[in-house]
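Chemist: Below you'll find the structure I mean.
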Protein chains: 2
Amino acid sequence: MNNKENMQAVALDLFSKRGYSGVSVRDICGELGLKESALYYHFKNKEELLNSLYAKVDQLVEDMRNAFDNAFQMTTQVSTPAMQMVAKNFLRQYFCDAYVCKLISMLNIERMSDALADRMYLKLVYDMPLSQCLAVFSAMQKRKLVADISPDYLAKDYLSLILHVFDRYVLGKEDKQTQIEAACEELDNLIEIFYERIAREGTKHADL
Amino acid sequence: MNNKENMQAVALDLFSKRGYSGVSVRDICGELGLKESALYYHFKNKEELLNSLYAKVDQLVEDMRNAFDNAFQMTTQVSTPAMQMVAKNFLRQYFCDAYVCKLISMLNIERMSDALADRMYLKLVYDMPLSQCLAVFSAMQKRKLVADISPDYLAKDYLSLILHVFDRYVLGKEDKQTQIEAACEELDNLIEIFYERIAREGTKHADL
DNA sequence: GTCTATAAATGGATAGAC
DNA sequence: GTCTATCCATTTATAGAC
């Protein structure tokens, strides 16, 4: 790993905690045992470093879209337990990935004053996951596994639960790793009830 | 309104957008046509100004707790339409109040690096609203208006929907007032389905 | 690719006049 | 209660040596 990538990694880590304006070029280079001037060899200025991180968000969204599309096309059976399993791992594997978590934290800060950061945040946290949830619930509904509740509602309801747990138990915590365990347990309980309800409502409807 | 309060108002406004470290004492005073030294007459330093805003969060939480307790004790009938009405106005009157919204935005930024801000954020955004939701759903359940789904789940599910809309449509937007209209419409639709489901499940259970 | 040195601007904070 | 003037630390950024 070269120093340019190191700088991006350190910058992301610090920006995600203290925000762009709370971190100096000194801070970033100091962490790596380098002088500020070293950074200006790799980046035109501090802002270009930030933009290079924004570009990584685009890349991540792209990668996750592709990963999902591939996995989804492969799926031969869409059973409730299988979907429930996927659901339970959503938080753990997606939002709680250290890298993704830092990107979200950083965007969460910058979006308050930066329209571009706001758009990236929405894409990463809502648009992309929502379209994936929608695909899953639509598929389940086709197979009569779910009552005819609007799949759009189900997707939003489901994602809301995940994001609420993520925001409450993970974001803003120093000791994230410990918190993630509590978060996943809490989410498991919520998802359990979520699926119980849509299954119950689905059964009821199938009986008519 | 004296200048001390003006300074707090301007500071809150700027902190909620650019964060504590992104705003200088010069910025705050400049907005009011004052020199920096004027601020140091009212506050020991920049940090004390921030803490004075944190204190306002405590006051707000206290006030809202009391307001709810009074309103809740007054309530003679807990009907579904009445509760649904309360629900629809929750976002509009609570999270979208300009003052509350700024406090949340500010805490949302600072909580990433400040444990105190994190605690205040959780109190304002989760603990307090959640305890209120819980009281409402428990009351509804006692009157058999809701199926025997854990009221704890209902409260979290319900608050999640509100927060998701708030985060997605209101936070981080320049033109908040316009966005709030769209947010409320979206939330109205979601809450409609939410209540439809718990009523349906409730009826079903009552029939047994 | 990184260092030293340095410039120029900005930010937090104080002393003393009014 | 606010202003002028000032101080000192920090920050972004550049030029030129190695």
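Following the order of the structure tokens, first chain is A, next is B, and so on, with residues numbered from 1 inside each chain and ligands from 1 in the order they appear.
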For chain B, report every residue with an atom at most 10 Å from chain A (counting only C-alpha atoms), formatted as a ChimeraX atom specification.
Modeler: /B:14-23,105-106,108-115,117-119,121-122,125-126,149-150,152-154,156-165,167-169,171-174,189-191,193-194,197-198,200-201,204
Chemist: Return as a ChimeraX atom specification the residues belonging to chain B that are within 10 Å of chain C, counting only C-alpha atoms (C1' of nucleotides).
Modeler: /B:23-26,36-37,40,44-46
Chemist: Would you list which chain B residues are within 10 Å of chain D using only C-alpha atoms (C1' of nucleotides), as a list in words?
Modeler: Asn3, Leu34, Lys35, Glu36, Ser37, Ala38, Leu39, Tyr41 and His42 of chain B
Chemist: Please, which residues of stretch 49-183 of chain A, numbered as in this document, come out alpha helix (DSSP H) from DSSP, as a PyMOL selection string?
Modeler: chain A and resi 49-74+80-90+98-110+115-122+128-142+151-165+176-183
Chemist: Have a look at atom CA of B:Glu48 and atom CA of B:Met120 and let me know their distance in Å, one decimal.
Modeler: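 Between these atoms lies a distance of 16.4 Å.
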Chemist: Find the residues around A:Val10 up to 9 Å (only C-alpha atoms (C1' of nucleotides) counted), leave out those fewer than 5 positions away in its own chain, and share them as a PyMOL selection string.
Modeler: chain A and resi 5+15+28-29+31-32
Chemist: Let me make sure I understand: among A:Ser79, A:Thr178, A:Gln84, A:Gln93, which one has the smallest atom-to-atom distance to A:Met140 if we use only C-alpha atoms?
Modeler: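 Residue with the minimum atom-to-atom distance to A:Met140: A:Ser79.
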